[in-house]
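Undergrad: Following this message is one structure expressed as structure tokens.
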Amino acid sequence: MASIKDDRGYNQGFAPATSTTVRMSRRTDLLLSEMNLTQDTRILELGCGTGEVSYWMAQRSPAQVLGTDLCIPFIEEAKKKYQLPNLRYEVTDFNDPRALVGMQFDYIVGNGILHHLYPNLDAVFARMRRLLKENGKIIFLEPNFYNPYVYLIFSFPTFRALAKLEPSEMAFSKRFITDALSWAGFKDIRVDYKDFLLPGIPSFLVQPSIMIGTVLEKLPLFKQAAQSLFIRAYHSSGVAPPPREDSIHREKFRLITRYGISGATAAAIQIVGLYIWVSVLGLTRQYLLGVVIAYCVALFVAFIMQKYWTFRDYSRDLIVKQVFWYTAISLGNLGLNALILHTSKVVLESNGLNFFQVWYLVAQIFAV
């Protein structure tokens with residue numbers, strides 16, 4: 001799929017195509033369907049890119065629309081292409097606390113922008129609450145982390161690089177964004193799975209994709225693979241409440257679960273690797289070398305899973321230091337692992353048992 005890149009070289013959208021235009025138009029209608037629109041309605045779009053959605057919202061409604069983006073070339077292009085009395089474009093970095101100070105809106109909307117603001121979501125949501133009128137509403141369409149394609153490009157460094165993602169952007173799950181909005185003090189939060197229409201597909205597949213997607217959006221399990229999360233929530237008066245204890249505990253539980261799965265995966269790789277080395281390849285004399293190789297492979301897998309999946313750390317500036325300390329600590333474990341296996345071999349063989357029948361695996365499991 002061809003993409004549109006911003007002035008920093010990051011992917012910020014999909015190049016024009018029939019399917020892309022249809023997809024964006026449908027999303028515009030979806031955003032508008034959640035609004036009560038009059039000439040006094042004020043809509044703010046965050047991350048408007050080259051301005052299509054803002055233009056269509058202004059064209060299809062009497063509302064006053066302000067499209068914003070931090071990319072100057074995008075806004076300049078939007079101003080040239082789209083001109084309506086009820087439409088404005090403005091260069092704005094929503095991460096800046098001074099952005100749009102003094103303005104008030106009935107609706108704040110966006111198509112694939114919140115995941116770019118992922119590191120500062122708490123501050124972003126607090127800023128939205130200040131910009132919204134009483135009972136104002138936010139409406140966003142965001143990448144669904146559990147869509148297979150989205151999961152792939154956001155979870156692995158190689159695919160992140162190929163997709164030209166920003167270092168800090170991150171897709172999220174329905175549960176994550178629901179909790180985040182709740183913590184920020186929003187009310188009546190609704191998050192649904194939406195859209196199976198892929199950008200860039202051939203024109204003749206557009207209508208079949210829409211028809212199939214409409215069905216899949218209603219089916220349990222299948223709908224969770226949709227491309228996007230359709231997010232709606234209302235501004236609530238008063239001070240944002242502190243994080244709920246039950247949400248904090250759930251997040252801790254998920255972290256511990258991911259940590260355990262990562263460790264178990266590495267352990268399984270280590271055991272299977274040693275089994276292949278000894279029982280499949282028959283390299284019993286070099287079993288300690290097999291221990292080292294299996295351990296190194298498991299170490300690599302464990303590091304990748306812990307960094308990018310367990311702790312969701314996508315930074316690159318500290319990766320060399322992280323690898324160094326992770327490896328240094330693991331070398332001690334490797335030495336202990338090899339010592340346990342060698343000691344087990346000596347003890348078992350002194351008692352007349354064949355270490356390489358099954359006992360080496362028992363010893364390895366114990367060492368792990």
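Ligands are numbered from 1 in the order shown, residues from 1 within each chain, and chains are lettered A, B, ... in the order they appear in the structure tokens.
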Determine, counting only C-alpha atoms, which protein, DNA and RNA residues have an atom within 7 Å of an atom of Asp122 of chain A; residues of the same chain fewer than 3 positions away are not included. Present the result as a PyMOL selection string.
TA: chain A and resi 125-126+184
Undergrad: Got time to write the residues from that selection, C-alpha atoms, as an mmCIF file, in the first residue's frame?
TA:
data_model
loop_
_atom_site.group_PDB
_atom_site.id
_atom_site.type_symbol
_atom_site.label_atom_id
_atom_site.label_comp_id
_atom_site.auth_asym_id
_atom_site.auth_seq_id
_atom_site.Cartn_x
_atom_site.Cartn_y
_atom_site.Cartn_z
ATOM 1 C CA PHE A 125 -7.117 14.026 27.113
ATOM 2 C CA ALA A 126 -6.868 16.697 29.803
ATOM 3 C CA ALA A 184 -9.151 11.195 32.209
#
Undergrad: Near Gly51 of chain A, counting only C-alpha atoms, which residues have an atom at most 9 Å away, once you skip same-chain residues fewer than 5 positions from it, shown as a PyMOL selection string?
TA: chain A and resi 56+67-69+74-75+77-79+81-82+89
Undergrad: Just give me the gap between atom CA of Leu289 of chain A and atom CA of Phe156 of chain A in Å, one decimal is fine.
TA: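 That distance, rounded to one decimal, is 29.4 Å.
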Undergrad: Hey, could you make a per-residue contact list for segment 15-72 of chain A against segment 189-212 of chain A with 10 Å as the cut-off, showing the nearest pair of atoms and its distance in Å to one decimal, counting only C-alpha atoms, sorted by chain and number, as JSON lines?
TA:
{"residue": "A:Ala15", "atom": "CA", "partner": "A:Gly200", "partner_atom": "CA", "distance": 7.9}
{"residue": "A:Pro16", "atom": "CA", "partner": "A:Gly200", "partner_atom": "CA", "distance": 8.1}
{"residue": "A:Ala17", "atom": "CA", "partner": "A:Gly200", "partner_atom": "CA", "distance": 6.0}
{"residue": "A:Thr18", "atom": "CA", "partner": "A:Ser203", "partner_atom": "CA", "distance": 5.9}
{"residue": "A:Ser19", "atom": "CA", "partner": "A:Pro199", "partner_atom": "CA", "distance": 5.4}
{"residue": "A:Thr20", "atom": "CA", "partner": "A:Pro199", "partner_atom": "CA", "distance": 4.7}
{"residue": "A:Thr21", "atom": "CA", "partner": "A:Pro199", "partner_atom": "CA", "distance": 8.4}
{"residue": "A:Val22", "atom": "CA", "partner": "A:Val206", "partner_atom": "CA", "distance": 8.1}
{"residue": "A:Arg23", "atom": "CA", "partner": "A:Leu197", "partner_atom": "CA", "distance": 6.7}
{"residue": "A:Met24", "atom": "CA", "partner": "A:Pro199", "partner_atom": "CA", "distance": 9.2}
{"residue": "A:Arg26", "atom": "CA", "partner": "A:Asp195", "partner_atom": "CA", "distance": 9.4}
{"residue": "A:Arg27", "atom": "CA", "partner": "A:Asp195", "partner_atom": "CA", "distance": 8.8}
{"residue": "A:Leu30", "atom": "CA", "partner": "A:Lys194", "partner_atom": "CA", "distance": 9.9}
Undergrad: Selected residues, all heavy atoms, written as a compact mmCIF listing (two decimals), in the first residue's frame, please.
TA:
# COMPACT_ATOMS: atom_id res chain seq x y z
N ALA A 15 -1.81 6.73 0.10
CA ALA A 15 -1.86 7.48 -1.15
C ALA A 15 -3.25 7.37 -1.79
O ALA A 15 -3.97 6.39 -1.57
CB ALA A 15 -0.79 6.97 -2.11
N PRO A 16 -3.64 8.38 -2.58
CA PRO A 16 -4.98 8.36 -3.19
C PRO A 16 -5.23 7.11 -4.03
O PRO A 16 -4.38 6.67 -4.79
CB PRO A 16 -4.96 9.62 -4.06
CG PRO A 16 -3.96 10.52 -3.41
CD PRO A 16 -2.90 9.60 -2.87
N ALA A 17 -6.41 6.55 -3.85
CA ALA A 17 -6.88 5.40 -4.62
C ALA A 17 -8.38 5.33 -4.40
O ALA A 17 -8.90 5.93 -3.45
CB ALA A 17 -6.21 4.11 -4.16
N THR A 18 -9.07 4.62 -5.26
CA THR A 18 -10.53 4.53 -5.12
C THR A 18 -10.93 4.01 -3.74
O THR A 18 -11.79 4.58 -3.06
CB THR A 18 -11.11 3.62 -6.21
OG1 THR A 18 -10.81 4.16 -7.49
CG2 THR A 18 -12.62 3.50 -6.05
N SER A 19 -10.28 2.93 -3.32
CA SER A 19 -10.63 2.34 -2.03
C SER A 19 -10.31 3.29 -0.88
O SER A 19 -11.07 3.38 0.10
CB SER A 19 -9.88 1.03 -1.83
OG SER A 19 -8.48 1.24 -1.89
N THR A 20 -9.21 4.02 -0.99
CA THR A 20 -8.83 4.96 0.06
C THR A 20 -9.84 6.10 0.16
O THR A 20 -10.24 6.50 1.26
CB THR A 20 -7.43 5.53 -0.22
OG1 THR A 20 -6.51 4.45 -0.39
CG2 THR A 20 -6.96 6.41 0.93
N THR A 21 -10.27 6.61 -0.99
CA THR A 21 -11.25 7.69 -1.00
C THR A 21 -12.58 7.23 -0.42
O THR A 21 -13.20 7.93 0.39
CB THR A 21 -11.46 8.21 -2.44
OG1 THR A 21 -10.20 8.65 -2.97
CG2 THR A 21 -12.45 9.36 -2.47
N VAL A 22 -13.02 6.05 -0.83
CA VAL A 22 -14.27 5.50 -0.30
C VAL A 22 -14.16 5.29 1.21
O VAL A 22 -15.07 5.62 1.98
CB VAL A 22 -14.63 4.16 -1.00
CG1 VAL A 22 -15.80 3.48 -0.30
CG2 VAL A 22 -14.94 4.40 -2.46
N ARG A 23 -13.03 4.77 1.63
CA ARG A 23 -12.79 4.51 3.05
C ARG A 23 -12.86 5.81 3.86
O ARG A 23 -13.52 5.87 4.91
CB ARG A 23 -11.42 3.85 3.21
CG ARG A 23 -11.03 3.41 4.61
CD ARG A 23 -9.71 2.66 4.51
NE ARG A 23 -9.28 2.10 5.77
CZ ARG A 23 -8.41 2.67 6.59
NH1 ARG A 23 -7.89 3.86 6.27
NH2 ARG A 23 -8.05 2.09 7.72
N MET A 24 -12.20 6.85 3.39
CA MET A 24 -12.19 8.13 4.10
C MET A 24 -13.57 8.77 4.11
O MET A 24 -14.00 9.36 5.10
CB MET A 24 -11.17 9.06 3.46
CG MET A 24 -9.73 8.60 3.58
SD MET A 24 -9.09 8.74 5.26
CE MET A 24 -8.74 10.49 5.31
N ARG A 26 -16.48 7.19 3.95
CA ARG A 26 -17.31 6.44 4.89
C ARG A 26 -16.98 6.82 6.34
O ARG A 26 -17.88 6.92 7.18
CB ARG A 26 -17.09 4.93 4.69
CG ARG A 26 -17.83 4.35 3.50
CD ARG A 26 -17.31 2.97 3.11
NE ARG A 26 -17.10 2.09 4.24
CZ ARG A 26 -18.04 1.32 4.80
NH1 ARG A 26 -19.28 1.37 4.32
NH2 ARG A 26 -17.75 0.52 5.80
N ARG A 27 -15.72 7.04 6.60
CA ARG A 27 -15.32 7.41 7.95
C ARG A 27 -15.82 8.82 8.31
O ARG A 27 -16.18 9.08 9.46
CB ARG A 27 -13.80 7.31 8.09
CG ARG A 27 -13.34 5.86 8.13
CD ARG A 27 -11.83 5.69 8.11
NE ARG A 27 -11.54 4.27 8.32
CZ ARG A 27 -10.78 3.78 9.29
NH1 ARG A 27 -10.19 4.61 10.14
NH2 ARG A 27 -10.59 2.49 9.42
N LEU A 30 -19.31 8.42 9.25
CA LEU A 30 -19.40 7.79 10.56
C LEU A 30 -19.19 8.82 11.67
O LEU A 30 -19.91 8.83 12.68
CB LEU A 30 -18.35 6.68 10.66
CG LEU A 30 -18.49 5.66 11.80
CD1 LEU A 30 -19.84 4.96 11.75
CD2 LEU A 30 -17.36 4.65 11.74
Undergrad: Please indicate the distance in Å from atom CA of Ile256 of chain A to atom CA of Arg175 of chain A, rounded to one decimal place.
TA: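 Going from atom CA of Ile256 of chain A over to atom CA of Arg175 of chain A, I get 16.9 Å.
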Undergrad: Could you check which of A:Thr41, A:Phe222, A:Ser54, A:Pro143 is closest to Leu114 of chain A, using only C-alpha atoms?
TA: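 Ranked by minimum distance to Leu114 of chain A, first place goes to A:Pro143.
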Undergrad: With only C-alpha atoms as the counted atoms, please give the residues lying no more than 7 Å from segment 98-105 of chain A, apart from itself and same-chain residues fewer than 5 positions off, as a PDB file with N, CA and C atoms, in the first residue's frame.
TA:
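The result, stored in part17.pdb:
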ATOM      1  N   ARG A  42     -19.295  23.713  16.466  1.00  0.00           N
ATOM      2  CA  ARG A  42     -17.863  23.893  16.186  1.00  0.00           C
ATOM      3  C   ARG A  42     -17.162  22.538  16.320  1.00  0.00           C
ATOM      4  N   ILE A  43     -16.482  22.150  15.231  1.00  0.00           N
ATOM      5  CA  ILE A  43     -15.794  20.857  15.176  1.00  0.00           C
ATOM      6  C   ILE A  43     -14.293  21.092  15.022  1.00  0.00           C
ATOM      7  N   LEU A  44     -13.514  20.403  15.826  1.00  0.00           N
ATOM      8  CA  LEU A  44     -12.056  20.428  15.715  1.00  0.00           C
ATOM      9  C   LEU A  44     -11.581  19.056  15.262  1.00  0.00           C
ATOM     10  N   THR A  92      -0.981  23.118  13.986  1.00  0.00           N
ATOM     11  CA  THR A  92      -1.092  22.979  15.442  1.00  0.00           C
ATOM     12  C   THR A  92      -0.421  21.692  15.897  1.00  0.00           C
ATOM     13  N   ASP A  93       0.404  21.801  16.914  1.00  0.00           N
ATOM     14  CA  ASP A  93       0.969  20.625  17.575  1.00  0.00           C
ATOM     15  C   ASP A  93       0.183  20.412  18.859  1.00  0.00           C
ATOM     16  N   LEU A 131     -10.847  22.026  26.119  1.00  0.00           N
ATOM     17  CA  LEU A 131     -11.298  22.619  24.860  1.00  0.00           C
ATOM     18  C   LEU A 131     -12.762  22.314  24.547  1.00  0.00           C
ATOM     19  N   LEU A 132     -13.302  21.291  25.185  1.00  0.00           N
ATOM     20  CA  LEU A 132     -14.686  20.911  24.914  1.00  0.00           C
ATOM     21  C   LEU A 132     -15.664  21.754  25.724  1.00  0.00           C
ATOM     22  N   LYS A 133     -16.770  22.071  25.091  1.00  0.00           N
ATOM     23  CA  LYS A 133     -17.864  22.701  25.822  1.00  0.00           C
ATOM     24  C   LYS A 133     -18.486  21.671  26.772  1.00  0.00           C
TER      25      LYS A 133
END
Undergrad: When DSSP is applied to the backbone of this structure, which of segment 34-142 of chain A are assigned strand (DSSP E or B)? Write them out as a CSV table (one decimal) with C-alpha atoms, in the first residue's frame.
TA:
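Ended up saving to states.csv:
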chain,number,residue,atom,x,y,z
A,42,ARG,CA,-17.9,23.9,16.2
A,43,ILE,CA,-15.8,20.9,15.2
A,44,LEU,CA,-12.1,20.4,15.7
A,45,GLU,CA,-10.2,17.8,13.7
A,46,LEU,CA,-6.8,16.7,15.1
A,64,GLN,CA,-17.8,25.4,11.6
A,65,VAL,CA,-14.8,23.1,11.0
A,66,LEU,CA,-11.2,23.6,12.0
A,67,GLY,CA,-8.7,21.1,10.7
A,68,THR,CA,-5.3,21.0,12.4
A,69,ASP,CA,-2.0,19.2,11.9
A,87,LEU,CA,-13.8,25.6,7.0
A,88,ARG,CA,-10.4,26.6,8.3
A,89,TYR,CA,-7.0,24.9,8.6
A,90,GLU,CA,-4.3,25.7,11.1
A,91,VAL,CA,-0.8,24.3,11.9
A,105,PHE,CA,-15.6,23.1,20.6
A,106,ASP,CA,-18.7,20.9,20.5
A,107,TYR,CA,-16.8,18.0,19.0
A,108,ILE,CA,-13.1,17.0,18.8
A,109,VAL,CA,-12.6,14.3,16.2
A,110,GLY,CA,-9.8,12.5,14.4
A,111,ASN,CA,-9.0,9.6,12.1
A,132,LEU,CA,-14.7,20.9,24.9
A,133,LYS,CA,-17.9,22.7,25.8
A,134,GLU,CA,-20.0,21.2,28.6
A,135,ASN,CA,-21.3,17.9,27.3
A,136,GLY,CA,-19.0,18.2,24.3
A,137,LYS,CA,-17.9,15.0,22.7
A,138,ILE,CA,-14.8,13.3,21.3
A,139,ILE,CA,-15.1,10.9,18.3
A,140,PHE,CA,-12.1,9.1,17.0
A,141,LEU,CA,-11.2,6.2,14.7
A,142,GLU,CA,-8.0,4.5,15.7
Undergrad: Give the alpha helix (DSSP H) residues of segment 98-199 of chain A, as DSSP finds them on the backbone, and put them as JSON, numbers by chain.
TA: {"A": [121, 122, 123, 124, 125, 126, 127, 128, 129, 130, 131, 148, 149, 150, 151, 152, 153, 154, 155, 157, 158, 159, 160, 161, 162, 174, 175, 176, 177, 178, 179, 180, 181, 182, 183]}
Undergrad: Report as a PyMOL selection string all protein, DNA and RNA residues lying within 12 Å of Thr265 of chain A, evaluated on only C-alpha atoms, omitting residues in the same chain fewer than 5 positions from it.
TA: chain A and resi 258-260+270-273+297-306+368
Undergrad: Quick one, how far is atom CA of Asp179 of chain A from atom CA of Ile231 of chain A?
TA: 12.1 Å
Undergrad: List the spatial neighbours of Arg160 of chain A as a list in words - criterion: any atom at most 12 Å away, only C-alpha atoms, same-chain residues fewer than 3 positions off excluded.
TA: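 Residues near the query, excluding close chain neighbours: Tyr10, Asn11, Tyr149, Val150, Tyr151, Leu152, Ile153, Phe154, Ser155, Phe156, Pro157, Ala163, Lys164, Leu165, Glu166, Pro167, Ser168, Glu169, Met170, Ala171, Tyr308, Tyr314 and Ser315 of chain A.
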Undergrad: Between A:Val323, A:Leu219, A:Ile329, A:Leu361, which is the closest to Leu274 of chain A once you count only C-alpha atoms?
TA: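 Answer, going by the shortest atom-to-atom distance: A:Leu361.
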